[in-house]
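One file, start34.pdb, is given below (PDB, C-alpha atoms and all ligand atoms).
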ATOM      1  CA  MET H   7      96.281 -15.326  50.872  1.00  0.00           C
ATOM      2  CA  ARG H   8      98.477 -12.239  50.979  1.00  0.00           C
ATOM      3  CA  GLN H   9      97.535 -11.404  47.373  1.00  0.00           C
ATOM      4  CA  LEU H  10      93.854 -11.683  48.219  1.00  0.00           C
ATOM      5  CA  LYS H  11      94.307  -9.355  51.190  1.00  0.00           C
ATOM      6  CA  ARG H  12      96.064  -6.770  48.964  1.00  0.00           C
ATOM      7  CA  LEU H  13      93.313  -7.086  46.386  1.00  0.00           C
ATOM      8  CA  VAL H  14      90.633  -6.486  49.048  1.00  0.00           C
ATOM      9  CA  THR H  15      92.555  -3.464  50.376  1.00  0.00           C
ATOM     10  CA  ARG H  16      92.851  -1.989  46.866  1.00  0.00           C
ATOM     11  CA  LEU H  17      89.174  -2.630  46.224  1.00  0.00           C
ATOM     12  CA  GLU H  18      88.152  -0.946  49.501  1.00  0.00           C
ATOM     13  CA  LYS H  19      90.348   2.036  48.697  1.00  0.00           C
ATOM     14  CA  LYS H  20      88.831   2.342  45.213  1.00  0.00           C
ATOM     15  CA  LEU H  21      85.292   2.086  46.581  1.00  0.00           C
ATOM     16  CA  SER H  22      85.929   4.787  49.201  1.00  0.00           C
ATOM     17  CA  GLU H  23      87.441   7.054  46.513  1.00  0.00           C
ATOM     18  CA  ASN H  24      84.330   6.579  44.376  1.00  0.00           C
ATOM     19  CA  ALA H  25      82.057   7.285  47.340  1.00  0.00           C
ATOM     20  CA  GLY H  26      83.976  10.509  47.955  1.00  0.00           C
ATOM     21  CA  GLN H  27      83.553  11.553  44.333  1.00  0.00           C
ATOM     22  CA  LYS H  28      79.846  10.888  44.471  1.00  0.00           C
ATOM     23  CA  THR H  29      79.237  13.251  47.382  1.00  0.00           C
ATOM     24  CA  SER H  30      81.653  16.025  46.419  1.00  0.00           C
ATOM     25  CA  HIS H  31      81.255  16.496  42.655  1.00  0.00           C
ATOM     26  CA  PHE H  32      78.672  19.278  42.925  1.00  0.00           C
ATOM     27  CA  HIS H  33      79.606  22.909  42.421  1.00  0.00           C
ATOM     28  CA  PRO H  34      79.034  24.927  45.634  1.00  0.00           C
ATOM     29  CA  ASP H  35      76.348  27.038  43.891  1.00  0.00           C
ATOM     30  CA  CYS H  36      74.606  24.053  42.275  1.00  0.00           C
ATOM     31  CA  THR H  37      71.010  23.466  43.458  1.00  0.00           C
ATOM     32  CA  CYS H  38      70.338  20.419  41.241  1.00  0.00           C
ATOM     33  CA  PHE H  39      68.985  17.167  42.591  1.00  0.00           C
ATOM     34  CA  PRO H  40      71.482  14.303  42.246  1.00  0.00           C
ATOM     35  CA  SER H  41      70.761  12.336  39.054  1.00  0.00           C
ATOM     36  CA  ASP H  42      70.328   9.137  41.080  1.00  0.00           C
ATOM     37  CA  GLU H  43      68.150  10.822  43.717  1.00  0.00           C
ATOM     38  CA  GLN H  44      65.298  12.585  41.929  1.00  0.00           C
ATOM     39  CA  PRO H  45      62.589  14.374  43.925  1.00  0.00           C
ATOM     40  CA  ILE H  46      59.153  12.926  44.650  1.00  0.00           C
ATOM     41  CA  PHE H  47      56.471  15.536  45.233  1.00  0.00           C
ATOM     42  CA  SER H  48      53.084  15.430  46.952  1.00  0.00           C
ATOM     43  CA  PHE H  49      51.319  18.183  44.991  1.00  0.00           C
ATOM     44  CA  HIS H  50      51.500  19.599  41.481  1.00  0.00           C
ATOM     45  CA  VAL H  51      52.171  23.039  42.906  1.00  0.00           C
ATOM     46  CA  GLU H  52      55.375  21.642  44.459  1.00  0.00           C
ATOM     47  CA  VAL H  53      56.507  20.499  41.016  1.00  0.00           C
ATOM     48  CA  GLU H  54      55.764  23.946  39.594  1.00  0.00           C
ATOM     49  CA  VAL H  55      57.637  25.753  42.384  1.00  0.00           C
ATOM     50  CA  ALA H  56      60.634  23.422  42.176  1.00  0.00           C
ATOM     51  CA  ARG H  57      60.702  23.615  38.376  1.00  0.00           C
ATOM     52  CA  ASN H  58      60.576  27.431  38.353  1.00  0.00           C
ATOM     53  CA  LEU H  59      63.772  27.588  40.399  1.00  0.00           C
ATOM     54  CA  LYS H  60      66.736  27.107  38.080  1.00  0.00           C
ATOM     55  CA  CYS H  61      70.230  26.070  39.060  1.00  0.00           C
ATOM     56  CA  PRO H  62      72.598  29.021  38.488  1.00  0.00           C
ATOM     57  CA  ILE H  63      75.112  26.592  36.956  1.00  0.00           C
ATOM     58  CA  HIS H  64      73.009  24.019  35.076  1.00  0.00           C
ATOM     59  CA  GLY H  65      69.500  25.446  34.609  1.00  0.00           C
ATOM     60  CA  GLU H  66      67.031  22.554  34.921  1.00  0.00           C
ATOM     61  CA  ARG H  67      67.492  20.863  38.288  1.00  0.00           C
ATOM     62  CA  PHE H  68      65.757  17.504  37.804  1.00  0.00           C
ATOM     63  CA  LYS H  69      64.559  15.132  35.113  1.00  0.00           C
ATOM     64  CA  PRO H  70      61.160  15.995  33.603  1.00  0.00           C
ATOM     65  CA  ASN H  71      59.653  12.554  34.240  1.00  0.00           C
ATOM     66  CA  LEU H  72      58.917  12.469  37.930  1.00  0.00           C
ATOM     67  CA  PHE H  73      56.184  11.368  40.288  1.00  0.00           C
ATOM     68  CA  VAL H  74      53.538  13.141  42.292  1.00  0.00           C
ATOM     69  CA  ILE H  75      52.387  10.681  44.938  1.00  0.00           C
ATOM     70  CA  TYR H  76      50.329  10.895  48.071  1.00  0.00           C
ATOM     71  CA  LYS H  77      52.142  11.392  51.361  1.00  0.00           C
ATOM     72  CA  ALA H  78      50.291  11.690  54.639  1.00  0.00           C
ATOM     73  CA  GLY H  79      50.299  15.213  56.078  1.00  0.00           C
ATOM     74  CA  TRP H  80      52.382  14.155  59.079  1.00  0.00           C
ATOM     75  CA  ARG H  81      54.968  12.625  56.725  1.00  0.00           C
ATOM     76  CA  ARG H  82      55.292  15.842  54.696  1.00  0.00           C
ATOM     77  CA  PHE H  83      55.807  17.884  57.860  1.00  0.00           C
ATOM     78  CA  GLN H  84      58.257  15.323  59.232  1.00  0.00           C
ATOM     79  CA  GLU H  85      60.403  15.534  56.085  1.00  0.00           C
ATOM     80  CA  PHE H  86      60.686  19.307  56.428  1.00  0.00           C
ATOM     81  CA  GLU H  87      61.357  19.059  60.155  1.00  0.00           C
ATOM     82  CA  ASP H  88      64.038  16.395  59.647  1.00  0.00           C
ATOM     83  CA  ASP H  89      65.548  18.377  56.759  1.00  0.00           C
ATOM     84  CA  TRP H  90      65.267  15.283  54.512  1.00  0.00           C
ATOM     85  CA  ALA H  91      67.759  13.469  56.753  1.00  0.00           C
ATOM     86  CA  ASP H  92      67.405  10.190  54.832  1.00  0.00           C
ATOM     87  CA  HIS H  93      68.843  11.846  51.709  1.00  0.00           C
ATOM     88  CA  SER H  94      72.226  13.079  50.507  1.00  0.00           C
ATOM     89  CA  PRO H  95      73.501  16.584  51.384  1.00  0.00           C
ATOM     90  CA  GLN H  96      72.950  17.682  47.750  1.00  0.00           C
ATOM     91  CA  TYR H  97      69.327  16.493  47.812  1.00  0.00           C
ATOM     92  CA  GLN H  98      68.793  18.385  51.084  1.00  0.00           C
ATOM     93  CA  LYS H  99      70.312  21.509  49.557  1.00  0.00           C
ATOM     94  CA  ALA H 100      68.077  21.202  46.468  1.00  0.00           C
ATOM     95  CA  MET H 101      64.941  20.788  48.605  1.00  0.00           C
ATOM     96  CA  ARG H 102      65.849  23.739  50.859  1.00  0.00           C
ATOM     97  CA  ALA H 103      66.410  25.905  47.774  1.00  0.00           C
ATOM     98  CA  SER H 104      63.013  24.876  46.392  1.00  0.00           C
ATOM     99  CA  PHE H 105      60.979  25.153  49.570  1.00  0.00           C
ATOM    100  CA  PRO H 106      62.260  27.833  51.969  1.00  0.00           C
ATOM    101  CA  SER H 107      61.213  27.308  55.588  1.00  0.00           C
ATOM    102  CA  SER H 108      59.695  30.819  55.628  1.00  0.00           C
ATOM    103  CA  LEU H 109      56.814  29.438  53.497  1.00  0.00           C
ATOM    104  CA  TRP H 110      56.944  25.639  53.654  1.00  0.00           C
ATOM    105  CA  PRO H 111      55.487  23.238  54.563  1.00  0.00           C
ATOM    106  CA  PRO H 112      51.928  24.441  53.915  1.00  0.00           C
ATOM    107  CA  GLU H 113      48.775  23.231  55.611  1.00  0.00           C
ATOM    108  CA  ALA H 114      46.520  21.301  53.232  1.00  0.00           C
ATOM    109  CA  ARG H 115      42.744  21.521  53.479  1.00  0.00           C
ATOM    110  CA  TRP H 116      39.787  20.540  51.343  1.00  0.00           C
ATOM    111  CA  VAL H 117      37.703  23.386  49.911  1.00  0.00           C
ATOM    112  CA  GLN H 118      34.390  22.538  48.250  1.00  0.00           C
ATOM    113  CA  GLY H 119      34.465  23.415  44.557  1.00  0.00           C
ATOM    114  CA  ILE H 120      38.239  23.886  44.467  1.00  0.00           C
ATOM    115  CA  GLY H 121      39.752  20.746  45.959  1.00  0.00           C
ATOM    116  CA  THR H 122      42.877  20.647  48.086  1.00  0.00           C
ATOM    117  CA  VAL H 123      44.164  24.124  48.925  1.00  0.00           C
ATOM    118  CA  LEU H 124      47.588  24.763  50.438  1.00  0.00           C
ATOM    119  CA  THR H 125      48.005  27.597  52.939  1.00  0.00           C
ATOM    120  CA  PHE H 126      51.588  28.753  53.358  1.00  0.00           C
ATOM    121  CA  LYS H 127      53.275  30.189  56.449  1.00  0.00           C
ATOM    122  CA  ASP H 128      52.836  33.758  55.131  1.00  0.00           C
ATOM    123  CA  GLY H 129      49.060  33.224  54.927  1.00  0.00           C
ATOM    124  CA  SER H 130      48.883  32.951  51.133  1.00  0.00           C
ATOM    125  CA  SER H 131      46.955  30.069  49.569  1.00  0.00           C
ATOM    126  CA  ARG H 132      47.028  28.140  46.307  1.00  0.00           C
ATOM    127  CA  PRO H 133      45.173  25.142  44.892  1.00  0.00           C
ATOM    128  CA  ALA H 134      47.410  22.086  45.242  1.00  0.00           C
ATOM    129  CA  TYR H 135      46.615  20.848  41.729  1.00  0.00           C
ATOM    130  CA  ASP H 136      46.376  22.675  38.436  1.00  0.00           C
ATOM    131  CA  ASP H 137      44.847  19.609  36.843  1.00  0.00           C
ATOM    132  CA  PRO H 138      41.384  18.871  38.334  1.00  0.00           C
ATOM    133  CA  ASP H 139      41.602  15.253  37.112  1.00  0.00           C
ATOM    134  CA  ALA H 140      44.596  14.720  39.373  1.00  0.00           C
ATOM    135  CA  GLU H 141      42.390  15.649  42.290  1.00  0.00           C
ATOM    136  CA  LEU H 142      39.796  13.015  41.439  1.00  0.00           C
ATOM    137  CA  ASN H 143      42.218  10.196  42.166  1.00  0.00           C
ATOM    138  CA  ARG H 144      43.199  11.678  45.479  1.00  0.00           C
ATOM    139  CA  SER H 145      40.062  13.290  46.882  1.00  0.00           C
ATOM    140  CA  GLY H 146      39.590  10.626  49.558  1.00  0.00           C
ATOM    141  CA  ALA H 147      43.241  10.585  50.530  1.00  0.00           C
ATOM    142  CA  GLU H 148      43.668  13.878  52.387  1.00  0.00           C
TER     143      GLU H 148
HETATM  144 ZN    ZN H 201      73.229  22.383  39.169  1.00  0.00          ZN
END
Could you render the structure from this file as structure tokens?
Ligand SMILES: [Zn+2]
Amino acid sequence: MRQLKRLVTRLEKKLSENAGQKTSHFHPDCTCFPSDEQPIFSFHVEVEVARNLKCPIHGERFKPNLFVIYKAGWRRFQEFEDDWADHSPQYQKAMRASFPSSLWPPEARWVQGIGTVLTFKDGSSRPAYDDPDAELNRSGAE
């Protein structure tokens, strides 16, 4: 019984050491997303903006195969307001670097002939999708 207790103690210690490594292995200037916590975007323009920002240490900040999925408008705003509280500190840092609060989150509205248009906090606007086919699958969702 004593051996089992020691084994459990050693295992707990090892697990807490590993957890510490997982959260603290990023360079202070790194703006990458954690490899096990890749971003999910709502609009193609978000992918473009996030991809254009490079990590000063590593360059590309996330894996090229990622998802653009629908999120309700309230959910997108809530994530910004909560500062991505359900995610790791590194993920939060990567999102903040990608989408500064001076511009994001944008309002999304439907414009006939263009599709979904995002209007940012500075008043500038951009189509949400570069690929018109992407819009076809989502036109009823916004
Ligand atoms: Zn990095």
> So which residues are near ligand ZN 201 (chain H), meaning at most 10 Å away with all atoms listed in the file counted, given back as an MDAnalysis selection string?
Replying inline: chainID H and resid 32:40 60:68 96 100
Writer output for current selection, C-alpha atoms, as a PDB file, keeping the file's coordinate frame:
ATOM      1  CA  PHE H  32      78.672  19.278  42.925  1.00  0.00           C
ATOM      2  CA  HIS H  33      79.606  22.909  42.421  1.00  0.00           C
ATOM      3  CA  PRO H  34      79.034  24.927  45.634  1.00  0.00           C
ATOM      4  CA  ASP H  35      76.348  27.038  43.891  1.00  0.00           C
ATOM      5  CA  CYS H  36      74.606  24.053  42.275  1.00  0.00           C
ATOM      6  CA  THR H  37      71.010  23.466  43.458  1.00  0.00           C
ATOM      7  CA  CYS H  38      70.338  20.419  41.241  1.00  0.00           C
ATOM      8  CA  PHE H  39      68.985  17.167  42.591  1.00  0.00           C
ATOM      9  CA  PRO H  40      71.482  14.303  42.246  1.00  0.00           C
ATOM     10  CA  LYS H  60      66.736  27.107  38.080  1.00  0.00           C
ATOM     11  CA  CYS H  61      70.230  26.070  39.060  1.00  0.00           C
ATOM     12  CA  PRO H  62      72.598  29.021  38.488  1.00  0.00           C
ATOM     13  CA  ILE H  63      75.112  26.592  36.956  1.00  0.00           C
ATOM     14  CA  HIS H  64      73.009  24.019  35.076  1.00  0.00           C
ATOM     15  CA  GLY H  65      69.500  25.446  34.609  1.00  0.00           C
ATOM     16  CA  GLU H  66      67.031  22.554  34.921  1.00  0.00           C
ATOM     17  CA  ARG H  67      67.492  20.863  38.288  1.00  0.00           C
ATOM     18  CA  PHE H  68      65.757  17.504  37.804  1.00  0.00           C
ATOM     19  CA  GLN H  96      72.950  17.682  47.750  1.00  0.00           C
ATOM     20  CA  ALA H 100      68.077  21.202  46.468  1.00  0.00           C
TER      21      ALA H 100
END
All residues 12 Å or closer to Ser130 in chain H, all atoms listed in the file, same chain fewer than 5 positions away omitted, as a compact mmCIF listing (two decimals) with C-alpha atoms, in the frame of the given file:
# COMPACT_ATOMS: atom_id res chain seq x y z
CA SER H 108 59.70 30.82 55.63
CA LEU H 109 56.81 29.44 53.50
CA TRP H 110 56.94 25.64 53.65
CA PRO H 112 51.93 24.44 53.92
CA GLU H 113 48.78 23.23 55.61
CA VAL H 123 44.16 24.12 48.92
CA LEU H 124 47.59 24.76 50.44
CA THR H 125 48.00 27.60 52.94
>> Selection in question (the file shown): the PyMOL selection byres (((chain H and resi 97) around 10) and not hetatm). Which residues does it include, as a ChimeraX atom specification?
In response: /H:37-41,43-45,89-96,98-103
> How far is it from CA of Val55 in chain H to CA of Lys69 in chain H, in Å with one decimal?
Replying inline: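 These two atoms are separated by 14.6 Å.
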Show which residues sit within 9 Å of Ile75 in chain H, as a PDB file with C-alpha atoms, keeping the file's coordinate frame. Count all atoms listed in the file, and ignore same-chain residues fewer than 6 positions away.
ATOM      1  CA  ILE H  46      59.153  12.926  44.650  1.00  0.00           C
ATOM      2  CA  PHE H  47      56.471  15.536  45.233  1.00  0.00           C
ATOM      3  CA  SER H  48      53.084  15.430  46.952  1.00  0.00           C
ATOM      4  CA  PHE H  49      51.319  18.183  44.991  1.00  0.00           C
TER       5      PHE H  49
END
>> Could you tell me how far CA of Arg132 in chain H sits from CA of Ser104 in chain H, in Å to one decimal place?
In response: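 Interatomic distance here is 16.3 Å.
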Determine the axis-aligned bounding box of all atoms of range 43-48 of chain H present in the file, pad each side by 6 Å, and express its centre and edge lengths in Å to one decimal place as lines of an AutoDock Vina configuration file.
center_x = 60.6
center_y = 13.2
center_z = 44.4
size_x = 27.1
size_y = 16.7
size_z = 17.0
>> Nearest residue to Glu52 in chain H out of H:Phe105, H:Phe126, H:Trp80, H:Trp116, using only C-alpha atoms?
In response: H:Phe105
> With only C-alpha atoms as the atoms that count, which of H:Ala114, H:Gly129, H:Asp136, H:Gly119 lies nearest to Lys77 in chain H?
Replying inline: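 Looking at the shortest contact to Lys77 in chain H, the residue is H:Ala114.
In this structure, CA of Asp88 in chain H sits 22.3 Å away from CA of His50 in chain H.
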